[in-house]
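run_0.tsv (TSV, C-alpha atoms) appears below.
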chain	number	residue	atom	x	y	z
A	303	MET	CA	39.92	169.17	36.85
A	304	LYS	CA	38.50	171.07	39.80
A	305	ALA	CA	36.19	169.61	42.44
A	306	ILE	CA	34.21	171.47	45.05
A	307	ILE	CA	33.20	169.52	48.15
A	308	LEU	CA	30.43	171.05	50.25
A	309	GLY	CA	31.51	170.34	53.81
A	310	THR	CA	34.67	170.31	55.89
A	311	GLY	CA	34.06	167.38	58.23
A	312	SER	CA	35.91	164.09	58.42
A	313	TRP	CA	34.32	162.48	55.35
A	314	ALA	CA	34.60	165.62	53.22
A	315	SER	CA	38.27	165.95	54.14
A	316	ALA	CA	39.08	162.27	53.61
A	317	PHE	CA	37.30	162.18	50.25
A	318	GLY	CA	38.98	165.43	49.26
A	319	LYS	CA	42.36	163.93	50.14
A	320	HIS	CA	41.59	161.00	47.86
A	321	LEU	CA	40.37	163.17	44.96
A	322	ALA	CA	43.43	165.43	45.20
A	323	HIS	CA	45.61	162.53	44.08
A	324	LYS	CA	43.82	162.59	40.69
A	325	TRP	CA	42.27	166.04	40.29
A	326	ASP	CA	44.21	169.26	39.81
A	327	ARG	CA	42.33	171.25	42.44
A	328	VAL	CA	40.03	170.32	45.31
A	329	VAL	CA	38.21	172.98	47.32
A	330	LEU	CA	36.33	172.30	50.55
A	331	TRP	CA	33.60	174.81	51.36
A	332	GLY	CA	32.54	175.30	54.95
A	333	ILE	CA	31.07	177.75	57.45
A	334	GLU	CA	33.45	177.43	60.42
A	335	GLU	CA	36.21	180.02	60.02
A	336	SER	CA	38.50	178.39	62.57
A	337	GLN	CA	38.25	175.07	60.77
A	338	ILE	CA	38.91	176.66	57.38
A	339	ASN	CA	41.97	178.42	58.76
A	340	ALA	CA	43.27	175.23	60.35
A	341	ILE	CA	43.01	173.31	57.08
A	342	ASN	CA	44.76	176.05	55.10
A	343	THR	CA	47.51	176.84	57.58
A	344	THR	CA	48.37	173.39	58.96
A	345	GLY	CA	47.57	171.17	55.97
A	346	THR	CA	45.46	168.99	58.29
A	347	ASN	CA	41.93	168.93	59.69
A	348	PRO	CA	42.83	168.51	63.36
A	349	GLY	CA	39.27	168.60	64.65
A	350	PHE	CA	38.20	165.64	62.51
A	351	LEU	CA	41.20	163.77	61.06
A	352	GLY	CA	43.91	164.56	63.59
A	353	ASP	CA	47.36	164.94	62.05
A	354	VAL	CA	46.62	163.14	58.77
A	355	PRO	CA	48.29	165.37	56.13
A	356	LEU	CA	46.14	166.84	53.36
A	357	PRO	CA	47.60	167.35	49.85
A	358	PRO	CA	48.88	170.81	48.84
A	359	ASN	CA	46.33	171.05	45.99
A	360	LEU	CA	43.48	170.87	48.51
A	361	ARG	CA	42.29	174.07	50.18
A	362	ALA	CA	39.27	175.26	52.12
A	363	THR	CA	37.19	178.43	51.84
A	364	LEU	CA	34.22	180.28	53.30
A	365	ASP	CA	33.49	181.82	49.88
A	366	LEU	CA	31.00	179.64	48.02
A	367	ASP	CA	31.18	181.71	44.82
A	368	ASP	CA	34.95	181.30	44.74
A	369	ALA	CA	34.68	177.57	45.41
A	370	LEU	CA	32.18	176.99	42.61
A	371	ARG	CA	33.98	179.02	39.96
A	372	ASP	CA	35.32	176.77	37.16
A	373	ALA	CA	34.33	173.60	39.03
A	374	ASP	CA	33.85	170.38	37.06
A	375	ALA	CA	31.72	168.67	39.69
A	376	VAL	CA	30.01	169.42	43.01
A	377	PHE	CA	30.22	166.82	45.79
A	378	VAL	CA	27.67	167.28	48.58
A	379	ASN	CA	28.99	166.17	51.96
A	380	VAL	CA	26.89	167.90	54.61
A	381	PRO	CA	24.40	166.41	57.13
A	382	SER	CA	21.24	165.10	55.51
A	383	GLN	CA	18.96	167.78	56.99
A	384	ALA	CA	21.29	170.52	55.74
A	385	VAL	CA	21.28	169.41	52.08
A	386	ARG	CA	18.32	171.57	51.02
A	387	PRO	CA	19.48	174.89	52.53
A	388	VAL	CA	23.04	174.35	51.31
A	389	MET	CA	21.90	173.52	47.78
A	390	GLU	CA	19.70	176.62	47.79
A	391	LYS	CA	22.87	178.64	48.43
A	392	VAL	CA	24.60	176.82	45.57
A	393	ARG	CA	21.72	177.51	43.18
A	394	ALA	CA	21.91	181.22	44.02
A	395	CYS	CA	25.59	181.50	43.05
A	396	ALA	CA	26.21	183.02	39.64
A	397	SER	CA	29.57	181.24	39.44
A	398	LEU	CA	28.01	177.74	39.34
A	399	PRO	CA	28.95	176.27	35.94
A	400	ALA	CA	26.00	175.08	33.88
A	401	GLY	CA	25.29	171.38	33.68
A	402	ILE	CA	28.04	170.04	35.92
A	403	PRO	CA	27.13	166.94	37.95
A	404	VAL	CA	26.07	167.18	41.57
A	405	ILE	CA	27.10	164.02	43.44
A	406	CYS	CA	25.79	163.47	46.95
A	407	LEU	CA	27.89	161.63	49.55
A	408	ALA	CA	25.46	162.35	52.39
A	409	LYS	CA	23.35	159.44	53.61
A	410	GLY	CA	19.71	159.62	54.60
A	411	PHE	CA	16.35	161.18	53.84
A	412	GLU	CA	14.95	164.64	54.43
A	413	VAL	CA	12.66	164.03	57.41
A	414	ALA	CA	10.22	166.88	56.73
A	415	SER	CA	9.42	165.82	53.15
A	416	LEU	CA	10.37	162.09	53.35
A	417	LYS	CA	12.34	162.58	50.15
A	418	ARG	CA	15.63	160.98	49.19
A	419	LEU	CA	18.52	163.45	49.12
A	420	SER	CA	18.92	163.09	45.36
A	421	GLU	CA	15.28	164.11	45.04
A	422	VAL	CA	15.88	167.11	47.29
A	423	ILE	CA	18.83	168.21	45.15
A	424	GLY	CA	16.86	167.74	41.93
A	425	GLU	CA	13.97	169.72	43.34
A	426	VAL	CA	16.16	172.62	44.45
A	427	MET	CA	18.00	172.70	41.12
A	428	ALA	CA	14.86	172.27	38.98
A	429	THR	CA	15.21	175.69	37.35
A	430	ASP	CA	18.85	175.00	36.47
A	431	PRO	CA	19.03	171.23	35.95
A	432	HIS	CA	22.21	169.31	36.69
A	433	PRO	CA	22.87	165.57	36.51
A	434	VAL	CA	22.47	164.15	40.04
A	435	ALA	CA	24.09	161.05	41.52
A	436	VAL	CA	24.92	159.52	44.89
A	437	LEU	CA	28.21	157.97	45.97
A	438	LEU	CA	27.54	155.67	48.91
A	439	GLY	CA	28.74	152.53	50.63
A	440	PRO	CA	30.99	151.30	53.46
A	441	SER	CA	33.44	154.16	53.72
A	442	HIS	CA	34.56	155.27	57.17
A	443	ALA	CA	36.41	158.56	56.74
A	444	GLU	CA	39.19	157.55	59.11
A	445	GLU	CA	40.09	154.57	56.92
A	446	VAL	CA	39.74	156.38	53.57
A	447	ALA	CA	42.08	159.07	54.91
A	448	LEU	CA	44.65	156.37	55.69
A	449	GLU	CA	44.17	154.89	52.20
A	450	TYR	CA	42.80	151.54	53.37
A	451	PRO	CA	41.12	149.65	50.47
A	452	THR	CA	37.53	150.84	50.13
A	453	ALA	CA	34.71	150.28	47.60
A	454	VAL	CA	31.57	152.36	47.08
A	455	VAL	CA	28.66	152.62	44.64
A	456	LEU	CA	27.92	155.44	42.19
A	457	ALA	CA	24.25	155.61	41.20
A	458	GLY	CA	22.93	158.45	39.07
A	459	SER	CA	19.98	159.83	37.19
A	460	PRO	CA	19.29	158.60	33.64
A	461	GLY	CA	20.77	160.44	30.67
A	462	THR	CA	24.35	160.71	31.92
A	463	ASP	CA	27.17	158.27	31.30
A	464	TRP	CA	28.16	157.71	34.91
A	465	THR	CA	30.95	155.32	33.94
A	466	ILE	CA	32.96	158.41	32.92
A	467	TRP	CA	32.62	159.76	36.47
A	468	GLN	CA	33.27	156.31	37.88
A	469	HIS	CA	36.75	156.53	36.35
A	470	HIS	CA	37.23	160.14	37.43
A	471	ILE	CA	36.50	159.24	41.05
A	472	ALA	CA	38.10	155.79	41.43
A	473	GLY	CA	41.67	155.34	42.58
A	474	PRO	CA	44.17	152.64	43.57
A	475	PHE	CA	42.65	152.20	47.04
A	476	PHE	CA	39.16	153.59	46.30
A	477	ARG	CA	37.14	151.34	44.01
A	478	VAL	CA	33.89	152.61	42.48
A	479	TYR	CA	31.09	150.42	41.15
A	480	THR	CA	28.03	151.72	39.26
A	481	ASN	CA	24.41	150.82	39.95
A	482	ASP	CA	21.32	152.09	38.11
A	483	ASP	CA	19.07	151.61	41.17
A	484	MET	CA	19.60	155.00	42.80
A	485	THR	CA	16.46	154.58	44.93
A	486	GLY	CA	17.71	151.32	46.41
A	487	VAL	CA	21.24	152.59	46.99
A	488	GLU	CA	19.95	155.63	48.91
A	489	ILE	CA	17.44	153.73	51.02
A	490	ALA	CA	19.87	150.95	51.90
A	491	SER	CA	22.76	153.23	52.80
A	492	GLY	CA	20.62	155.77	54.66
A	493	PHE	CA	18.43	153.53	56.76
A	494	LYS	CA	21.09	151.01	57.78
A	495	ASN	CA	22.13	153.53	60.45
A	496	ILE	CA	18.93	152.64	62.33
A	497	ILE	CA	20.09	149.04	62.59
A	498	ALA	CA	23.51	150.21	63.76
A	499	LEU	CA	21.80	152.04	66.62
A	500	ALA	CA	20.01	148.81	67.56
A	501	VAL	CA	23.25	146.81	67.46
A	502	GLY	CA	24.95	149.42	69.63
A	503	MET	CA	22.15	149.21	72.17
A	504	THR	CA	22.45	145.44	72.43
A	505	ASP	CA	26.24	145.68	72.60
A	506	GLY	CA	25.71	147.91	75.61
A	507	LEU	CA	23.45	145.27	77.10
A	508	GLY	CA	26.20	142.70	76.58
A	509	THR	CA	24.01	140.31	74.60
A	510	GLY	CA	26.73	139.03	72.26
A	511	ASP	CA	27.36	138.04	68.65
A	512	ASN	CA	24.15	136.02	68.16
A	513	THR	CA	22.10	139.14	68.81
A	514	ARG	CA	24.18	141.21	66.38
A	515	GLY	CA	23.58	138.59	63.71
A	516	VAL	CA	19.83	138.61	64.32
A	517	LEU	CA	19.52	142.38	64.21
A	518	MET	CA	21.65	142.83	61.09
A	519	THR	CA	19.85	140.05	59.19
A	520	ARG	CA	16.29	140.89	60.19
A	521	GLY	CA	17.03	144.61	60.01
A	522	LEU	CA	18.24	144.26	56.43
A	523	LYS	CA	15.12	142.25	55.63
A	524	GLU	CA	12.76	144.96	56.85
A	525	LEU	CA	14.67	147.73	55.07
A	526	ALA	CA	14.58	145.73	51.84
A	527	ARG	CA	10.79	145.38	52.22
A	528	LEU	CA	10.48	149.13	52.63
A	529	GLY	CA	12.83	149.76	49.71
A	530	VAL	CA	10.86	147.55	47.34
A	531	ALA	CA	7.66	149.36	48.35
A	532	LEU	CA	9.38	152.63	47.42
A	533	GLY	CA	10.48	151.36	44.00
A	534	ALA	CA	13.91	149.86	44.75
A	535	ARG	CA	15.21	146.46	43.65
A	536	SER	CA	15.65	143.92	46.43
A	537	GLU	CA	19.10	142.80	45.21
A	538	THR	CA	20.51	146.27	45.84
A	539	PHE	CA	20.17	145.63	49.57
A	540	PHE	CA	22.60	142.74	49.26
A	541	GLY	CA	25.31	144.87	47.65
A	542	LEU	CA	27.80	147.42	48.97
A	543	ALA	CA	25.23	150.08	49.86
A	544	GLY	CA	23.14	147.51	51.73
A	545	VAL	CA	24.73	144.58	53.50
A	546	GLY	CA	28.24	145.99	52.96
A	547	ASP	CA	27.49	149.33	54.57
A	548	MET	CA	25.40	147.69	57.29
A	549	ILE	CA	28.14	145.28	58.40
A	550	THR	CA	30.71	148.06	58.48
A	551	THR	CA	28.48	150.43	60.42
A	552	CYS	CA	27.23	147.83	62.88
A	553	ILE	CA	30.60	146.37	63.92
A	554	SER	CA	33.06	149.26	63.69
A	555	HIS	CA	34.39	151.34	66.56
A	556	HIS	CA	34.41	154.24	64.07
A	557	SER	CA	30.62	154.10	63.73
A	558	ARG	CA	28.91	157.10	65.31
A	559	ASN	CA	25.55	155.34	65.16
A	560	ARG	CA	26.68	152.08	66.78
A	561	ASN	CA	28.61	154.00	69.43
A	562	PHE	CA	25.62	156.24	70.14
A	563	GLY	CA	23.35	153.23	70.60
A	564	GLU	CA	25.82	151.72	73.05
A	565	ALA	CA	26.07	155.01	74.94
A	566	ILE	CA	22.29	155.09	75.38
A	567	THR	CA	22.37	151.71	77.10
A	568	ARG	CA	25.46	152.23	79.21
A	569	GLY	CA	25.11	155.88	80.14
A	570	THR	CA	23.01	157.84	82.56
A	571	LEU	CA	21.90	160.52	80.10
A	572	SER	CA	18.74	160.46	77.99
A	573	PRO	CA	19.08	160.01	74.21
A	574	GLU	CA	18.20	163.70	73.80
A	575	ALA	CA	20.93	164.79	76.21
A	576	LEU	CA	23.48	162.47	74.62
A	577	LEU	CA	22.61	163.81	71.17
A	578	ALA	CA	23.24	167.37	72.34
A	579	GLU	CA	26.80	166.38	73.26
A	580	GLN	CA	27.68	164.99	69.82
A	581	VAL	CA	30.17	166.90	67.67
A	582	GLN	CA	29.15	165.03	64.52
A	583	VAL	CA	25.61	164.21	63.39
A	584	VAL	CA	24.18	160.80	64.35
A	585	GLU	CA	22.11	160.29	61.19
A	586	GLY	CA	20.33	157.17	62.44
A	587	VAL	CA	18.33	159.28	64.89
A	588	HIS	CA	16.80	161.32	62.05
A	589	MET	CA	16.36	158.22	59.90
A	590	ALA	CA	14.38	156.35	62.58
A	591	ARG	CA	11.72	159.05	62.29
A	592	ALA	CA	11.74	159.06	58.49
A	593	ALA	CA	11.69	155.27	58.05
A	594	LEU	CA	8.86	154.77	60.51
A	595	LYS	CA	6.76	157.45	58.79
A	596	LEU	CA	7.40	155.82	55.41
A	597	GLY	CA	6.54	152.41	56.82
A	598	VAL	CA	3.20	153.67	58.11
A	599	LYS	CA	2.50	155.46	54.84
A	600	HIS	CA	3.14	152.34	52.73
A	601	GLY	CA	1.82	149.73	55.16
A	602	ILE	CA	5.24	148.11	55.77
A	603	GLU	CA	5.97	146.60	59.18
A	604	LEU	CA	9.37	147.69	60.54
A	605	PRO	CA	9.74	145.99	63.94
A	606	VAL	CA	13.42	146.78	64.60
A	607	THR	CA	12.99	150.36	63.44
A	608	LYS	CA	9.91	150.78	65.63
A	609	GLN	CA	11.75	149.63	68.76
A	610	VAL	CA	14.73	151.90	68.03
A	611	HIS	CA	12.33	154.80	67.51
A	612	ASP	CA	10.59	154.08	70.83
A	613	VAL	CA	13.90	153.99	72.72
A	614	LEU	CA	15.00	157.28	71.15
A	615	PHE	CA	11.77	159.23	71.41
A	616	SER	CA	9.42	157.50	73.88
A	617	GLY	CA	11.74	156.62	76.73
A	618	LYS	CA	11.47	152.86	76.29
A	619	PRO	CA	14.34	150.99	78.03
A	620	PRO	CA	16.56	149.16	75.49
A	621	ARG	CA	16.22	145.86	77.37
A	622	GLN	CA	12.43	146.07	77.09
A	623	ALA	CA	12.71	146.83	73.38
A	624	MET	CA	14.90	143.76	72.86
A	625	ARG	CA	12.48	141.59	74.83
A	626	GLU	CA	9.50	142.79	72.78
A	627	LEU	CA	11.31	141.93	69.55
A	628	MET	CA	12.05	138.42	70.81
A	629	GLU	CA	8.46	137.87	71.97
A	630	ARG	CA	6.79	138.83	68.70
A	631	GLU	CA	4.47	136.29	67.09
A	632	LEU	CA	6.45	133.50	65.44
A	633	ARG	CA	6.48	133.45	61.65
A	634	ALA	CA	8.27	132.14	58.56
A	635	GLU	CA	11.73	133.59	57.89
A	636	ARG	CA	10.73	134.90	54.47
A	637	GLU	CA	8.14	137.21	56.08
Just dump the structure as structure tokens.
Amino acid sequence: MKAIILGTGSWASAFGKHLAHKWDRVVLWGIEESQINAINTTGTNPGFLGDVPLPPNLRATLDLDDALRDADAVFVNVPSQAVRPVMEKVRACASLPAGIPVICLAKGFEVASLKRLSEVIGEVMATDPHPVAVLLGPSHAEEVALEYPTAVVLAGSPGTDWTIWQHHIAGPFFRVYTNDDMTGVEIASGFKNIIALAVGMTDGLGTGDNTRGVLMTRGLKELARLGVALGARSETFFGLAGVGDMITTCISHHSRNRNFGEAITRGTLSPEALLAEQVQVVEGVHMARAALKLGVKHGIELPVTKQVHDVLFSGKPPRQAMRELMERELRAERE
């Protein structure tokens, strides 16, 4: 079997390394010539995974037509706001095999349209339909690359037996569960990055473990409320894509979102200036905009998200944001 992975970053490379143990050929497609050359000549991705060796049946290319030719599946692993333009390039390629699944590993929403990424892919590919799924959950690239035990969730569109692909993707250290609530899986895994930003900010303030527990618990509650309003099932938020991904992202030193939140509090630069310095995308920044817009649209109160948004885009000091959360009107926990 041949897999094409759209992207050449840390997660694309780590996932490609995993797939190459089972699949005959894995091709990473990217746009940075120096990075492509490094992968092909050194057998590593030094800019993202250091000296972790990549298998010999994994290669990288700038040629999208070549990458797509004879592929059995397309895995989308680019930043959330790049999914639409990249998929438009894929649709335009004559070498794209008909009917192969497109599985998205990117987390988030498209901010301009407020659509889930699976919806964006389906919309772009509407004239040439392909089964669409997402593969999400607590999966730091650095740990997958080192073959630490990891579990994720595969959720796909109706009409395809996704258990077949569950077995194609799973491996000895990479367990795959299925879930038929694709809406819930995408919302939970995408918007939890907002809560990781909040936890990072309070870590920078030195507020301790109690505060982390509050933010993760109440943050999950508000995201579940939003998810249910958008058609998700509440129990999905208490699975791998929800609480599992949130815990991992909020406590790990690998987490770009948690680390960015901490840098806002401890540094002297504005969030905008800090963001400009980032090599990899901090998805929680985009998702704070999207979640707040969706909350307003559907009449869902998102207090943690609102404070994170105000710190990022309105110049509110993180300590003031934390104080305002603590001074909100008292209420029952179920609310």
- Task: For each of A:Met503, A:Ala593, A:Ser336, A:Arg560, take the minimum atom-to-atom distance to A:Val613, counting all atoms listed in the file, then give the residue where this is smallest.
- Result: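 Between A:Met503, A:Ala593, A:Ser336, A:Arg560, the residue approaching A:Val613 most closely is A:Met503.
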- Task: Skip stretch 515-519 of chain A itself and residues of its chain fewer than 3 positions away, then list as a ChimeraX atom specification all residues within 10 Å of it, counting only C-alpha atoms.
- Result: /A:494,497-498,500-501,504,510-512,522-524,545,548-549,552,606,624,627
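If only C-alpha atoms are the atoms counted, then among A:Glu631, A:Asp365, A:Glu564, A:Asp372 the closest residue to A:Gly506 is A:Glu564.
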- Within 12 Å of A:His469, counting all atoms listed in the file, which residues show up once you throw out same-chain ones fewer than 3 positions away? Write them as a PyMOL selection string, please. chain A and resi 321+324-325+456+463-466+472-474+476-480
- Sel. within 6 Å of pt (35.8, 166.9, 37.9), counting only C-alpha atoms, output as a PyMOL selection string: chain A and resi 303-305+374-375
Within 7 Å of stretch 423-438 of chain A, which residues of stretch 458-519 of chain A come that close, and what is the closest atom pair and distance in Å for each? Count all atoms listed in the file and give it as a Markdown table.
| residue | atom | partner | partner_atom | distance |
| --- | --- | --- | --- | --- |
| A:Gly458 | CA | A:Ala435 | CA | 3.8 |
| A:Ser459 | CA | A:Val434 | CA | 5.7 |
| A:Thr462 | CA | A:Pro433 | CA | 6.8 |
| A:Ser491 | CA | A:Leu438 | CA | 6.6 |
- In Å to one decimal, how far is atom CA of A:Phe317 from atom CA of A:Ile341?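 Between atom CA of A:Ile341 and atom CA of A:Phe317 the gap is 14.3 Å.
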